[in-house]
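Visitor: Coordinates in structure13.txt, compact mmCIF, N, CA, C and O atoms, are listed below.
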# COMPACT_ATOMS: atom_id res chain seq x y z
N MET Q 1 0.85 -1.18 0.00
CA MET Q 1 0.00 0.00 0.00
C MET Q 1 0.89 1.23 0.00
O MET Q 1 1.80 1.35 0.80
N THR Q 2 0.62 2.15 -0.91
CA THR Q 2 1.41 3.37 -0.99
C THR Q 2 0.86 4.42 -0.03
O THR Q 2 -0.24 4.28 0.51
N ALA Q 3 1.61 5.48 0.15
CA ALA Q 3 1.16 6.57 1.01
C ALA Q 3 -0.14 7.16 0.48
O ALA Q 3 -1.04 7.50 1.24
N ASP Q 4 -0.25 7.28 -0.85
CA ASP Q 4 -1.48 7.81 -1.44
C ASP Q 4 -2.68 6.93 -1.10
O ASP Q 4 -3.76 7.42 -0.82
N ASP Q 5 -2.49 5.61 -1.13
CA ASP Q 5 -3.56 4.68 -0.77
C ASP Q 5 -3.98 4.89 0.68
O ASP Q 5 -5.16 4.89 1.01
N SER Q 6 -3.00 5.05 1.56
CA SER Q 6 -3.28 5.25 2.98
C SER Q 6 -4.07 6.52 3.21
O SER Q 6 -5.01 6.55 3.99
N TYR Q 7 -3.69 7.60 2.56
CA TYR Q 7 -4.41 8.87 2.74
C TYR Q 7 -5.84 8.75 2.26
O TYR Q 7 -6.76 9.29 2.88
N GLY Q 8 -6.04 8.02 1.19
CA GLY Q 8 -7.39 7.84 0.67
C GLY Q 8 -8.29 7.05 1.60
O GLY Q 8 -9.49 7.21 1.60
N ARG Q 9 -7.70 6.22 2.43
CA ARG Q 9 -8.48 5.37 3.34
C ARG Q 9 -8.82 6.08 4.64
O ARG Q 9 -9.57 5.56 5.45
N LEU Q 10 -8.28 7.26 4.87
CA LEU Q 10 -8.54 7.96 6.14
C LEU Q 10 -10.02 8.30 6.32
O LEU Q 10 -10.48 8.48 7.43
N ASP Q 11 -10.77 8.38 5.23
CA ASP Q 11 -12.21 8.63 5.33
C ASP Q 11 -12.99 7.36 5.60
O ASP Q 11 -14.18 7.40 5.85
N ASP Q 12 -12.32 6.21 5.54
CA ASP Q 12 -12.94 4.91 5.77
C ASP Q 12 -13.11 4.69 7.28
O ASP Q 12 -12.13 4.65 8.01
N ASP Q 13 -14.35 4.54 7.74
CA ASP Q 13 -14.63 4.34 9.17
C ASP Q 13 -13.98 3.08 9.74
O ASP Q 13 -13.79 2.98 10.94
N ASP Q 14 -13.68 2.12 8.88
CA ASP Q 14 -13.11 0.86 9.35
C ASP Q 14 -11.59 0.79 9.22
O ASP Q 14 -10.99 -0.22 9.58
N TYR Q 15 -10.98 1.82 8.69
CA TYR Q 15 -9.53 1.83 8.53
C TYR Q 15 -8.85 2.05 9.88
O TYR Q 15 -9.14 3.02 10.57
N PRO Q 16 -7.95 1.16 10.27
CA PRO Q 16 -7.31 1.28 11.60
C PRO Q 16 -6.21 2.34 11.59
O PRO Q 16 -5.02 2.06 11.55
N ALA Q 17 -6.62 3.59 11.68
CA ALA Q 17 -5.70 4.72 11.52
C ALA Q 17 -5.10 5.22 12.83
O ALA Q 17 -4.14 5.98 12.80
N TYR Q 18 -5.63 4.80 13.96
CA TYR Q 18 -5.23 5.40 15.24
C TYR Q 18 -4.47 4.43 16.13
O TYR Q 18 -4.92 3.32 16.37
N THR Q 19 -3.34 4.88 16.63
CA THR Q 19 -2.58 4.08 17.59
C THR Q 19 -3.32 4.07 18.91
O THR Q 19 -4.22 4.88 19.15
N MET Q 20 -2.93 3.18 19.79
CA MET Q 20 -3.56 3.11 21.10
C MET Q 20 -3.42 4.44 21.86
O MET Q 20 -4.38 4.93 22.44
N GLY Q 21 -2.23 5.01 21.83
CA GLY Q 21 -2.01 6.28 22.54
C GLY Q 21 -2.87 7.39 21.99
O GLY Q 21 -3.47 8.15 22.75
N ARG Q 22 -2.96 7.48 20.67
CA ARG Q 22 -3.78 8.53 20.05
C ARG Q 22 -5.25 8.27 20.33
O ARG Q 22 -6.00 9.20 20.62
N ALA Q 23 -5.69 7.03 20.25
CA ALA Q 23 -7.09 6.70 20.52
C ALA Q 23 -7.46 7.06 21.96
O ALA Q 23 -8.51 7.66 22.20
N ALA Q 24 -6.60 6.72 22.91
CA ALA Q 24 -6.86 7.04 24.31
C ALA Q 24 -6.94 8.55 24.51
O ALA Q 24 -7.82 9.04 25.21
N ALA Q 25 -6.04 9.28 23.88
CA ALA Q 25 -6.05 10.74 24.00
C ALA Q 25 -7.33 11.33 23.41
O ALA Q 25 -7.93 12.24 24.01
N MET Q 26 -7.75 10.83 22.26
CA MET Q 26 -8.96 11.33 21.62
C MET Q 26 -10.19 11.08 22.49
O MET Q 26 -11.12 11.90 22.53
N LEU Q 27 -10.20 9.95 23.19
CA LEU Q 27 -11.35 9.58 24.03
C LEU Q 27 -11.26 10.17 25.43
O LEU Q 27 -12.21 10.10 26.19
N GLY Q 28 -10.09 10.70 25.78
CA GLY Q 28 -9.90 11.22 27.13
C GLY Q 28 -9.88 10.11 28.16
O GLY Q 28 -10.41 10.27 29.26
N THR Q 29 -9.30 8.99 27.79
CA THR Q 29 -9.26 7.84 28.68
C THR Q 29 -7.84 7.29 28.73
O THR Q 29 -6.92 7.90 28.21
N THR Q 30 -7.68 6.15 29.32
CA THR Q 30 -6.35 5.54 29.43
C THR Q 30 -6.21 4.40 28.43
O THR Q 30 -7.21 3.85 27.94
N GLN Q 31 -4.98 4.03 28.19
CA GLN Q 31 -4.73 2.87 27.34
C GLN Q 31 -5.24 1.60 28.02
O GLN Q 31 -5.72 0.68 27.36
N GLY Q 32 -5.20 1.58 29.34
CA GLY Q 32 -5.73 0.45 30.09
C GLY Q 32 -7.21 0.25 29.85
O GLY Q 32 -7.70 -0.89 29.78
N PHE Q 33 -7.96 1.35 29.71
CA PHE Q 33 -9.39 1.26 29.41
C PHE Q 33 -9.58 0.58 28.05
O PHE Q 33 -10.42 -0.30 27.90
N LEU Q 34 -8.79 1.00 27.07
CA LEU Q 34 -8.91 0.38 25.74
C LEU Q 34 -8.55 -1.09 25.78
O LEU Q 34 -9.20 -1.92 25.13
N ARG Q 35 -7.53 -1.44 26.56
CA ARG Q 35 -7.18 -2.86 26.70
C ARG Q 35 -8.33 -3.63 27.36
O ARG Q 35 -8.66 -4.74 26.96
N ALA Q 36 -8.95 -3.01 28.37
CA ALA Q 36 -10.05 -3.68 29.09
C ALA Q 36 -11.25 -3.94 28.19
O ALA Q 36 -11.83 -5.03 28.24
N ILE Q 37 -11.63 -2.98 27.36
CA ILE Q 37 -12.79 -3.23 26.49
C ILE Q 37 -12.41 -4.19 25.37
O ILE Q 37 -13.27 -4.87 24.83
N GLY Q 38 -11.13 -4.27 25.06
CA GLY Q 38 -10.66 -5.28 24.12
C GLY Q 38 -10.74 -6.67 24.74
O GLY Q 38 -11.16 -7.62 24.11
N GLU Q 39 -10.32 -6.77 26.00
CA GLU Q 39 -10.39 -8.06 26.71
C GLU Q 39 -11.83 -8.50 26.90
O GLU Q 39 -12.12 -9.70 26.89
N ALA Q 40 -12.75 -7.54 27.05
CA ALA Q 40 -14.18 -7.85 27.17
C ALA Q 40 -14.79 -8.15 25.80
O ALA Q 40 -15.97 -8.45 25.70
N ARG Q 41 -13.98 -8.03 24.75
CA ARG Q 41 -14.37 -8.33 23.37
C ARG Q 41 -15.43 -7.41 22.81
O ARG Q 41 -16.22 -7.80 21.94
N LEU Q 42 -15.44 -6.18 23.33
CA LEU Q 42 -16.34 -5.19 22.74
C LEU Q 42 -15.78 -4.74 21.40
O LEU Q 42 -16.52 -4.61 20.43
N ILE Q 43 -14.49 -4.51 21.36
CA ILE Q 43 -13.81 -4.18 20.11
C ILE Q 43 -12.56 -5.03 20.01
O ILE Q 43 -12.00 -5.43 21.03
N THR Q 44 -12.16 -5.30 18.80
CA THR Q 44 -10.93 -6.06 18.57
C THR Q 44 -10.05 -5.22 17.65
O THR Q 44 -10.28 -5.18 16.43
N PRO Q 45 -9.09 -4.52 18.21
CA PRO Q 45 -8.24 -3.68 17.36
C PRO Q 45 -7.39 -4.54 16.43
O PRO Q 45 -7.04 -5.67 16.77
N LEU Q 46 -7.10 -3.98 15.29
CA LEU Q 46 -6.17 -4.65 14.39
C LEU Q 46 -4.76 -4.42 14.91
O LEU Q 46 -4.54 -3.56 15.74
N ARG Q 47 -3.83 -5.20 14.43
CA ARG Q 47 -2.44 -5.07 14.86
C ARG Q 47 -1.59 -4.61 13.69
O ARG Q 47 -1.76 -5.08 12.57
N SER Q 48 -0.67 -3.71 13.98
CA SER Q 48 0.29 -3.28 12.96
C SER Q 48 1.29 -4.41 12.74
O SER Q 48 1.29 -5.40 13.47
N GLU Q 49 2.15 -4.24 11.76
CA GLU Q 49 3.17 -5.26 11.51
C GLU Q 49 4.05 -5.47 12.73
O GLU Q 49 4.55 -6.55 12.97
N GLY Q 50 4.22 -4.43 13.52
CA GLY Q 50 5.02 -4.53 14.74
C GLY Q 50 4.24 -5.05 15.94
O GLY Q 50 4.77 -5.15 17.05
N GLY Q 51 2.95 -5.35 15.76
CA GLY Q 51 2.13 -5.91 16.83
C GLY Q 51 1.40 -4.88 17.67
O GLY Q 51 0.76 -5.23 18.66
N HIS Q 52 1.46 -3.61 17.29
CA HIS Q 52 0.79 -2.56 18.05
C HIS Q 52 -0.68 -2.48 17.68
O HIS Q 52 -1.05 -2.67 16.52
N ARG Q 53 -1.51 -2.17 18.67
CA ARG Q 53 -2.95 -2.06 18.43
C ARG Q 53 -3.24 -0.81 17.59
O ARG Q 53 -2.69 0.25 17.84
N ARG Q 54 -4.17 -0.97 16.65
CA ARG Q 54 -4.61 0.13 15.80
C ARG Q 54 -6.13 0.14 15.78
O ARG Q 54 -6.76 -0.90 15.67
N TYR Q 55 -6.71 1.33 15.92
CA TYR Q 55 -8.16 1.47 16.05
C TYR Q 55 -8.74 2.28 14.88
O TYR Q 55 -8.14 3.22 14.40
N SER Q 56 -9.96 1.92 14.52
CA SER Q 56 -10.69 2.65 13.47
C SER Q 56 -11.61 3.67 14.13
O SER Q 56 -11.86 3.63 15.34
N ARG Q 57 -12.15 4.57 13.32
CA ARG Q 57 -13.11 5.54 13.85
C ARG Q 57 -14.36 4.84 14.38
O ARG Q 57 -14.90 5.24 15.40
N TYR Q 58 -14.78 3.80 13.68
CA TYR Q 58 -15.94 3.04 14.15
C TYR Q 58 -15.68 2.47 15.55
O TYR Q 58 -16.52 2.57 16.44
N GLN Q 59 -14.51 1.89 15.75
CA GLN Q 59 -14.16 1.33 17.06
C GLN Q 59 -14.07 2.42 18.12
O GLN Q 59 -14.46 2.19 19.27
N LEU Q 60 -13.60 3.59 17.74
CA LEU Q 60 -13.53 4.69 18.71
C LEU Q 60 -14.92 5.15 19.13
O LEU Q 60 -15.13 5.51 20.29
N ARG Q 61 -15.87 5.12 18.21
CA ARG Q 61 -17.26 5.49 18.59
C ARG Q 61 -17.81 4.49 19.59
O ARG Q 61 -18.49 4.87 20.56
N ILE Q 62 -17.55 3.21 19.39
CA ILE Q 62 -18.00 2.19 20.33
C ILE Q 62 -17.32 2.38 21.68
O ILE Q 62 -17.96 2.32 22.73
N ALA Q 63 -16.03 2.63 21.66
CA ALA Q 63 -15.28 2.86 22.90
C ALA Q 63 -15.81 4.08 23.64
O ALA Q 63 -15.90 4.08 24.87
N ALA Q 64 -16.19 5.11 22.90
CA ALA Q 64 -16.75 6.32 23.53
C ALA Q 64 -18.08 5.99 24.22
O ALA Q 64 -18.36 6.51 25.31
N ARG Q 65 -18.89 5.14 23.59
CA ARG Q 65 -20.15 4.72 24.23
C ARG Q 65 -19.86 3.99 25.54
O ARG Q 65 -20.53 4.22 26.56
N ALA Q 66 -18.86 3.11 25.51
CA ALA Q 66 -18.49 2.37 26.73
C ALA Q 66 -18.00 3.34 27.80
O ALA Q 66 -18.35 3.21 28.97
N ARG Q 67 -17.21 4.29 27.40
CA ARG Q 67 -16.67 5.24 28.37
C ARG Q 67 -17.79 6.03 29.03
O ARG Q 67 -17.76 6.29 30.24
N GLU Q 68 -18.79 6.44 28.27
CA GLU Q 68 -19.93 7.17 28.84
C GLU Q 68 -20.60 6.34 29.94
O GLU Q 68 -20.94 6.87 31.01
N LEU Q 69 -20.83 5.07 29.66
CA LEU Q 69 -21.47 4.20 30.66
C LEU Q 69 -20.57 4.02 31.89
O LEU Q 69 -21.06 4.07 33.03
N VAL Q 70 -19.30 3.81 31.66
CA VAL Q 70 -18.36 3.62 32.78
C VAL Q 70 -18.27 4.89 33.60
O VAL Q 70 -18.24 4.84 34.84
N ASP Q 71 -18.27 6.03 32.94
CA ASP Q 71 -18.22 7.31 33.66
C ASP Q 71 -19.45 7.50 34.55
O ASP Q 71 -19.40 8.22 35.54
N ARG Q 72 -20.56 6.85 34.19
CA ARG Q 72 -21.78 6.94 35.00
C ARG Q 72 -21.85 5.86 36.07
O ARG Q 72 -22.86 5.72 36.75
N GLY Q 73 -20.76 5.06 36.18
CA GLY Q 73 -20.69 4.09 37.26
C GLY Q 73 -20.93 2.65 36.87
O GLY Q 73 -20.95 1.77 37.74
N THR Q 74 -21.11 2.37 35.60
CA THR Q 74 -21.34 1.01 35.15
C THR Q 74 -20.00 0.28 35.05
O THR Q 74 -19.07 0.82 34.47
N PRO Q 75 -19.90 -0.92 35.59
CA PRO Q 75 -18.65 -1.68 35.44
C PRO Q 75 -18.35 -1.93 33.96
O PRO Q 75 -19.26 -2.06 33.13
N ILE Q 76 -17.07 -2.03 33.62
CA ILE Q 76 -16.66 -2.17 32.21
C ILE Q 76 -17.33 -3.37 31.55
O ILE Q 76 -17.86 -3.26 30.44
N ASP Q 77 -17.31 -4.53 32.20
CA ASP Q 77 -17.92 -5.72 31.58
C ASP Q 77 -19.41 -5.51 31.32
O ASP Q 77 -19.91 -5.91 30.26
N ALA Q 78 -20.10 -4.88 32.26
CA ALA Q 78 -21.53 -4.62 32.08
C ALA Q 78 -21.75 -3.60 30.97
O ALA Q 78 -22.67 -3.75 30.15
N ALA Q 79 -20.93 -2.58 30.91
CA ALA Q 79 -21.05 -1.56 29.85
C ALA Q 79 -20.87 -2.20 28.48
O ALA Q 79 -21.64 -1.92 27.54
N CYS Q 80 -19.90 -3.08 28.36
CA CYS Q 80 -19.66 -3.76 27.09
C CYS Q 80 -20.86 -4.62 26.71
O CYS Q 80 -21.30 -4.62 25.55
N ARG Q 81 -21.41 -5.33 27.66
CA ARG Q 81 -22.57 -6.19 27.39
C ARG Q 81 -23.78 -5.34 26.99
O ARG Q 81 -24.53 -5.70 26.08
N ILE Q 82 -23.98 -4.21 27.66
CA ILE Q 82 -25.09 -3.31 27.33
C ILE Q 82 -24.99 -2.85 25.88
O ILE Q 82 -25.97 -2.86 25.13
N ILE Q 83 -23.79 -2.46 25.48
CA ILE Q 83 -23.59 -1.96 24.12
C ILE Q 83 -23.86 -3.06 23.10
O ILE Q 83 -24.52 -2.83 22.08
N VAL Q 84 -23.39 -4.26 23.36
CA VAL Q 84 -23.64 -5.39 22.45
C VAL Q 84 -25.14 -5.64 22.34
O VAL Q 84 -25.68 -5.81 21.24
N LEU Q 85 -25.83 -5.65 23.47
CA LEU Q 85 -27.28 -5.90 23.45
C LEU Q 85 -28.03 -4.77 22.75
O LEU Q 85 -28.99 -5.03 22.01
N GLU Q 86 -27.62 -3.52 22.97
CA GLU Q 86 -28.26 -2.40 22.27
C GLU Q 86 -28.10 -2.55 20.76
O GLU Q 86 -29.05 -2.32 20.00
N ASP Q 87 -26.90 -2.92 20.33
CA ASP Q 87 -26.65 -3.09 18.89
C ASP Q 87 -27.47 -4.25 18.33
O ASP Q 87 -27.99 -4.16 17.21
N GLN Q 88 -27.59 -5.34 19.08
CA GLN Q 88 -28.39 -6.48 18.62
C GLN Q 88 -29.86 -6.09 18.53
O GLN Q 88 -30.55 -6.47 17.57
N LEU Q 89 -30.36 -5.33 19.49
CA LEU Q 89 -31.75 -4.88 19.46
C LEU Q 89 -32.00 -3.97 18.27
O LEU Q 89 -32.99 -4.12 17.56
N GLU Q 90 -31.08 -3.05 18.03
CA GLU Q 90 -31.23 -2.15 16.88
C GLU Q 90 -31.28 -2.92 15.57
O GLU Q 90 -32.10 -2.65 14.70
N GLU Q 91 -30.42 -3.92 15.43
CA GLU Q 91 -30.40 -4.74 14.23
C GLU Q 91 -31.70 -5.55 14.09
O GLU Q 91 -32.27 -5.65 13.00
N ALA Q 92 -32.19 -6.11 15.18
CA ALA Q 92 -33.44 -6.87 15.15
C ALA Q 92 -34.61 -5.97 14.76
O ALA Q 92 -35.48 -6.36 13.98
N GLN Q 93 -34.64 -4.75 15.28
CA GLN Q 93 -35.70 -3.81 14.94
C GLN Q 93 -35.64 -3.43 13.46
O GLN Q 93 -36.67 -3.32 12.80
N ARG Q 94 -34.42 -3.27 12.93
CA ARG Q 94 -34.26 -2.94 11.52
C ARG Q 94 -34.78 -4.09 10.64
O ARG Q 94 -35.52 -3.87 9.68
N ILE Q 95 -34.44 -5.31 11.01
CA ILE Q 95 -34.89 -6.49 10.26
C ILE Q 95 -36.40 -6.62 10.33
O ILE Q 95 -37.07 -6.90 9.31
N ASN Q 96 -36.98 -6.42 11.51
CA ASN Q 96 -38.44 -6.49 11.66
C ASN Q 96 -39.13 -5.44 10.80
O ASN Q 96 -40.16 -5.73 10.18
N ALA Q 97 -38.59 -4.24 10.76
CA ALA Q 97 -39.18 -3.18 9.94
C ALA Q 97 -39.13 -3.57 8.46
O ALA Q 97 -40.10 -3.34 7.72
N GLU Q 98 -38.02 -4.17 8.02
CA GLU Q 98 -37.92 -4.63 6.63
C GLU Q 98 -38.98 -5.70 6.34
O GLU Q 98 -39.62 -5.67 5.28
N HIS Q 99 -39.17 -6.63 7.25
CA HIS Q 99 -40.17 -7.69 7.06
C HIS Q 99 -41.58 -7.10 7.03
O HIS Q 99 -42.40 -7.54 6.21
N ARG Q 100 -41.85 -6.13 7.88
CA ARG Q 100 -43.17 -5.48 7.87
C ARG Q 100 -43.43 -4.78 6.54
O ARG Q 100 -44.52 -4.87 5.98
N ARG Q 101 -42.41 -4.06 6.03
CA ARG Q 101 -42.55 -3.38 4.75
C ARG Q 101 -42.79 -4.39 3.62
O ARG Q 101 -43.64 -4.19 2.76
N ALA Q 102 -42.04 -5.49 3.64
CA ALA Q 102 -42.21 -6.51 2.60
C ALA Q 102 -43.58 -7.14 2.68
O ALA Q 102 -44.22 -7.37 1.65
N ALA Q 103 -44.06 -7.42 3.90
CA ALA Q 103 -45.37 -8.03 4.07
C ALA Q 103 -46.46 -7.06 3.62
O ALA Q 103 -47.43 -7.46 2.95
N LYS Q 104 -46.31 -5.79 3.95
CA LYS Q 104 -47.30 -4.78 3.56
C LYS Q 104 -47.34 -4.66 2.04
O LYS Q 104 -48.41 -4.58 1.44
N SER Q 105 -46.16 -4.68 1.42
CA SER Q 105 -46.08 -4.60 -0.04
C SER Q 105 -46.72 -5.82 -0.69
O SER Q 105 -47.46 -5.70 -1.67
N ALA Q 106 -46.48 -7.00 -0.14
CA ALA Q 106 -47.05 -8.23 -0.66
C ALA Q 106 -48.57 -8.23 -0.52
O ALA Q 106 -49.30 -8.65 -1.42
N ASN Q 107 -49.06 -7.72 0.62
CA ASN Q 107 -50.50 -7.66 0.84
C ASN Q 107 -51.16 -6.66 -0.09
O ASN Q 107 -52.27 -6.88 -0.57
N SER Q 108 -50.48 -5.55 -0.36
CA SER Q 108 -51.01 -4.54 -1.29
C SER Q 108 -51.12 -5.11 -2.70
O SER Q 108 -52.10 -4.86 -3.39
N LYS Q 109 -50.14 -5.86 -3.12
CA LYS Q 109 -50.14 -6.46 -4.46
C LYS Q 109 -51.20 -7.55 -4.56
O LYS Q 109 -51.86 -7.69 -5.59
N ALA Q 110 -51.42 -8.31 -3.47
CA ALA Q 110 -52.42 -9.37 -3.48
C ALA Q 110 -53.82 -8.80 -3.52
O ALA Q 110 -54.73 -9.38 -4.13
N ALA Q 111 -54.02 -7.65 -2.88
CA ALA Q 111 -55.34 -7.03 -2.84
C ALA Q 111 -55.70 -6.38 -4.18
O ALA Q 111 -56.86 -6.20 -4.49
N ALA Q 112 -54.69 -6.03 -4.96
CA ALA Q 112 -54.92 -5.33 -6.24
C ALA Q 112 -55.32 -6.24 -7.34
O ALA Q 112 -55.78 -7.15 -7.60
In structure tokens, how does this file's structure come out?
Guide:
Amino acid sequence: MTADDSYGRLDDDDYPAYTMGRAAAMLGTTQGFLRAIGEARLITPLRSEGGHRRYSRYQLRIAARARELVDRGTPIDAACRIIVLEDQLEEAQRINAEHRRAAKSANSKAAA
């Protein structure tokens, strides 16, 4: 990958552009917090060729959600589980809405 390719990927939410130190600074947290949510499997940072953790913007948004919960007194493991369950619920609601739209469309066509 050339430098030009790397710069083009900076707009990619999934591109692991941030080192652990930079990610912690951006979130106003510690590197230990990032390691803890990684150990809880909320996020899995990619590793550089040298083995250093690298985070994407998407992962930083998830980490920020966890930090908000922890700052309000929720234990890290519980915060991680809450976020996973919220995301699963959102996905289930999206799928249900799609099924309702498809069923409504099918019923409209059958009635016509």
Visitor: As a PyMOL selection string, please: every residue in chain Q that a backbone DSSP assignment puts in helix (DSSP H, G or I).
Guide: chain Q and resi 3-9+20-27+31-39+57-71+76-111
Visitor: Between atom N of Ile37 in chain Q and CA of Ile76 in chain Q, what is the distance, to one decimal in Å?
Guide: 7.0 Å
Visitor: DSSP on the backbone: what in chain Q comes out strand (DSSP E or B), as a ChimeraX atom specification?
Guide: /Q:18-19,46-47,53-55
Visitor: Pick from Q:Met20, Q:Ile83, Q:Lys109, Q:Ser56: nearest to Leu69 in chain Q, with only C-alpha atoms counted?
Guide: Q:Ile83
Visitor: Which residue out of Q:Gly28, Q:Ala17, Q:Asn107, Q:Ala40 has the minimum interatomic distance to Arg57 in chain Q when only N, CA, C and O atoms are used?
Guide: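 Counting only N, CA, C and O atoms, the residue closest to Arg57 in chain Q is Q:Ala17.
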Visitor: For a test of reading the model, state the distance in Å between atom N of His99 in chain Q and atom C of Asp87 in chain Q, rounded to one decimal.
Guide: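 Atom C of Asp87 in chain Q lies at a distance of 16.3 Å from atom N of His99 in chain Q.
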